[in-house]
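In what follows, a single structure is set out as structure tokens and then discussed.
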Number of protein chains: 2
Amino acid sequence: MYTLLLDSLAKHVSLTEQEINLLTSYLIPKTLKKKEYLLREGEIHHKATFVNQGCFIMYSLDKNGKAHVAQIAVEGWWVGDIYSFFTLKPSDYFVEAVEKSEVLQMNKEELEELYIKIPKMERYFRILVQNAYISYRNRVVSSMSTPAVERYLQFLKTYPGLEQRIPLYTIASYLGVRPEFLSRLRKKLAKGSIS
Amino acid sequence: MYTLLLDSLAKHVSLTEQEINLLTSYLIPKTLKKKEYLLREGEIHHKATFVNQGCFIMYSLDKNGKAHVAQIAVEGWWVGDIYSFFTLKPSDYFVEAVEKSEVLQMNKEELEELYIKIPKMERYFRILVQNAYISYRNRVVSSMSTPAVERYLQFLKTYPGLEQRIPLYTIASYLGVRPEFLSRLRKKLAKGSIS
DNA sequence: CGTCTATTTGAATGTACTCAAAAGCGGTGG
DNA sequence: CCACCGCTTTTGAGTACATTCAAATAGACG
């Protein structure tokens, strides 16, 4: 149940058995069906959410009603609108389960409590936020300077096997191209020697 | 000397006269000539830097030696590689003065000291980091879903008048297009009724 | 099995890039 | 103070990357 989360924690902080017990006592498991929402535009995201199984996308809708995928999260990742979580402002994003999924959740107030009891946890989350920051910053550069094929290959590396779990049009949206075009890219990659 | 900074602070926290005096006592002014560097790739960015006058760009070089502008900062903004600052890891970026500039700086250790003496300052910087985060997140979506013309118009709104202070090729790099193309865009905008 | 949605394919178009060369502009030294 | 040099911007022509629209095909699910 908690293996993945403990692995993630272990990468950044080391916790005693007691601390682990305390931490896990705060977590509420939840399962979601395919296409269920964890968060909708306009809502405030007050739950920190760790993906134990399954896959989520976070996307916004532009004025033409087109979806733009800002984040993809699979097992072992935290998912959600960090900004809404920290500021308690309404989110501009939807967070949707792409497949049957299972998450562990904690309310913001409980997280604050936990910070006091286990200060190391604050460090852990600070590092996660820093990483999220970097990841967006890098994506700004790559989305502007790298052609779509390479961005797709990069996606394959970052999320191995995921291209078979989520629909093509979702990947296309994440990469910033139209589905028709990604379809053609895949075809080319399949013919011409890969990579 | 401190007007701009105090304005920026006032937007998020309210400080007593005493606190302001303490804060300003930590700040070291520095002037830079056009094309001087505040930070180079590989260096650790241990100074928080507020722009009092002038303009800076933060950019990285890709494997082909092409520059990609990640951030532009004018008077009233903080500039620099936040990630390197917080992690004390070497930066991937250059921070360069685009024109004769004047900044106020504080070392990381001194900032930590200040946090203890004026906890409100921690709040102020946390908000700034959140805003930087949002700004990159929005740029990811806009760079992928918005044509270059609109991104340019957006740039003009965000940085009024700046198009006359920094070279065209720098703006092009910030927008993710080639200079030749931005030149043509400008021409079109000048002819056809604007906006 | 049928329906609804997702993917593929085709043709035409538009957006942005490359390469090359000319024009403009700013600073520096004579 | 002017002439020259180097760098930035503009212009032109050809090309590549990615989109639109429309229609056909394939898959998924009840």
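The chains in the structure tokens are called A, B, ... from first to last as shown; in each chain the residues are counted from 1, and the ligands are counted from 1 in the order shown.
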
(request) May I have the residues within 10 Å of segment 29-39 of chain B as a PyMOL selection string, using only C-alpha atoms (C1' of nucleotides) and disregarding those fewer than 5 positions away in the same chain? (result) chain B and resi 1+44-47+49-58+79-81+91-106

Give me a file of those residues, with N, CA and C atoms, as a short mmCIF file (atom, residue, chain, number, x, y, z; two decimals), in the first residue's frame.
```cif
data_model
loop_
_atom_site.label_atom_id
_atom_site.label_comp_id
_atom_site.auth_asym_id
_atom_site.auth_seq_id
_atom_site.Cartn_x
_atom_site.Cartn_y
_atom_site.Cartn_z
N MET B 1 16.39 55.08 -3.78
CA MET B 1 17.21 53.85 -3.83
C MET B 1 16.39 52.59 -3.58
N ILE B 44 27.42 28.89 -9.17
CA ILE B 44 26.30 28.80 -8.23
C ILE B 44 25.80 30.20 -7.94
N HIS B 45 24.51 30.31 -7.96
CA HIS B 45 23.92 31.63 -7.83
C HIS B 45 23.57 31.91 -6.38
N HIS B 46 24.51 32.42 -5.58
CA HIS B 46 24.15 32.60 -4.17
C HIS B 46 23.68 33.98 -3.79
N LYS B 47 23.34 34.77 -4.76
CA LYS B 47 22.84 36.09 -4.40
C LYS B 47 21.43 36.32 -4.91
N THR B 49 18.84 38.79 -6.17
CA THR B 49 19.13 40.03 -6.91
C THR B 49 17.86 40.75 -7.35
N PHE B 50 17.73 41.97 -6.87
CA PHE B 50 16.58 42.79 -7.23
C PHE B 50 17.01 43.86 -8.24
N VAL B 51 16.28 44.00 -9.33
CA VAL B 51 16.65 44.97 -10.36
C VAL B 51 16.06 46.34 -10.03
N ASN B 52 16.94 47.28 -9.82
CA ASN B 52 16.52 48.63 -9.46
C ASN B 52 16.41 49.51 -10.69
N GLN B 53 17.24 49.20 -11.65
CA GLN B 53 17.26 49.99 -12.88
C GLN B 53 17.91 49.13 -13.95
N GLY B 54 17.37 49.20 -15.15
CA GLY B 54 17.97 48.46 -16.24
C GLY B 54 17.20 47.22 -16.60
N CYS B 55 17.88 46.28 -17.20
CA CYS B 55 17.22 45.09 -17.72
C CYS B 55 18.19 43.92 -17.85
N PHE B 56 17.70 42.74 -17.47
CA PHE B 56 18.52 41.53 -17.56
C PHE B 56 17.79 40.42 -18.32
N ILE B 57 18.59 39.56 -18.94
CA ILE B 57 18.01 38.34 -19.48
C ILE B 57 18.72 37.14 -18.87
N MET B 58 17.96 36.08 -18.68
CA MET B 58 18.52 34.81 -18.23
C MET B 58 18.34 33.83 -19.37
N VAL B 79 15.75 38.84 -10.27
CA VAL B 79 16.27 38.10 -11.42
C VAL B 79 17.22 37.02 -10.95
N GLY B 80 17.29 35.94 -11.72
CA GLY B 80 18.28 34.92 -11.41
C GLY B 80 17.74 33.51 -11.48
N ASP B 81 18.63 32.57 -11.27
CA ASP B 81 18.27 31.17 -11.32
C ASP B 81 17.85 30.70 -9.93
N SER B 91 24.42 26.46 -11.94
CA SER B 91 23.33 26.87 -12.81
C SER B 91 23.58 26.47 -14.26
N ASP B 92 22.52 26.28 -15.01
CA ASP B 92 22.62 26.03 -16.45
C ASP B 92 22.47 27.33 -17.23
N TYR B 93 22.37 28.44 -16.51
CA TYR B 93 22.00 29.68 -17.17
C TYR B 93 23.05 30.78 -17.09
N PHE B 94 22.93 31.69 -18.03
CA PHE B 94 23.66 32.95 -17.97
C PHE B 94 22.66 34.04 -17.59
N VAL B 95 23.11 34.97 -16.76
CA VAL B 95 22.29 36.15 -16.49
C VAL B 95 23.09 37.37 -16.89
N GLU B 96 22.58 38.09 -17.87
CA GLU B 96 23.35 39.15 -18.52
C GLU B 96 22.58 40.46 -18.51
N ALA B 97 23.29 41.56 -18.28
CA ALA B 97 22.67 42.88 -18.35
C ALA B 97 22.51 43.28 -19.82
N VAL B 98 21.31 43.65 -20.18
CA VAL B 98 21.03 44.04 -21.56
C VAL B 98 21.35 45.52 -21.75
N GLU B 99 21.31 46.25 -20.67
CA GLU B 99 21.68 47.66 -20.70
C GLU B 99 22.36 47.98 -19.37
N LYS B 100 22.90 49.16 -19.25
CA LYS B 100 23.49 49.62 -18.00
C LYS B 100 22.44 49.43 -16.90
N SER B 101 22.83 48.75 -15.82
CA SER B 101 21.82 48.38 -14.83
C SER B 101 22.33 48.55 -13.40
N GLU B 102 21.35 48.62 -12.51
CA GLU B 102 21.71 48.73 -11.10
C GLU B 102 20.87 47.73 -10.31
N VAL B 103 21.53 46.95 -9.45
CA VAL B 103 20.80 45.94 -8.69
C VAL B 103 21.09 46.06 -7.19
N LEU B 104 20.23 45.43 -6.41
CA LEU B 104 20.45 45.29 -4.97
C LEU B 104 20.59 43.81 -4.68
N GLN B 105 21.65 43.45 -3.94
CA GLN B 105 21.89 42.03 -3.73
C GLN B 105 22.01 41.65 -2.27
N MET B 106 21.70 40.38 -2.02
CA MET B 106 21.81 39.84 -0.67
C MET B 106 22.28 38.40 -0.79
#
```

(request) Going by DSSP on the backbone, which bits of segment 35-191 of chain A are alpha helix (DSSP H)? Write them as a ChimeraX atom specification, please. (result) /A:82-87,108-117,120-145,148-158,168-175,179-191

(message) Using only C-alpha atoms (C1' of nucleotides) and a cut-off of 12 Å, which residues of chain B sit close to chain C? Please list them as a ChimeraX atom specification.
(response) /B:146-149,176-182,184-185

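Taking atom CA of Lys120 of chain B and atom CA of Ala73 of chain B as endpoints, the distance between them is 23.9 Å.
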
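Each of A:Asn131, A:Pro167, A:Ile118, A:Leu23 was compared to chain D using only C-alpha atoms (C1' of nucleotides), and A:Pro167 turns out to be the nearest.
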
(request) Give the residues of chain B that lie within 8 Å of chain A; count only C-alpha atoms, and format the answer as a list in words. (result) His68, Ala70, Tyr83, Gln130, Tyr133, Ile134, Tyr136, Arg137, Arg139, Val140, Val141, Ser143, Met144, Ser145, Leu175, Gly176 and Val177 of chain B

Proximity check chain D to chain B, 12 Å, nearest pairs one decimal Å, only C-alpha atoms (C1' of nucleotides), as a tab-separated table:
```
residue	atom	partner	partner_atom	distance
D:DC7	C1'	B:Pro167	CA	11.3
D:DT8	C1'	B:Pro167	CA	7.9
D:DT9	C1'	B:Ser183	CA	7.3
D:DT10	C1'	B:Ser183	CA	7.1
D:DT11	C1'	B:Arg184	CA	9.1
D:DG12	C1'	B:Glu180	CA	11.5
D:DA18	C1'	B:Met144	CA	11.8
D:DT19	C1'	B:Pro147	CA	11.6
```

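Proximity ranking of B:Leu88, B:Tyr124, B:Arg165, B:Tyr152 relative to Leu6 of chain B places B:Tyr124 first, based on only C-alpha atoms.
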
(request) List every residue of segment 1-122 of chain B that DSSP, applied to the backbone of this structure, places in strand (DSSP E), and write the result as number ranges by chain. (result) B: 28-32, 37-39, 47-53, 55-61, 67-74, 78-79, 94-97, 101-107

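Closest to Ile20 of chain B among B:Leu61, B:Leu128, B:Ala48, B:Met121 is B:Met121, based on only C-alpha atoms.
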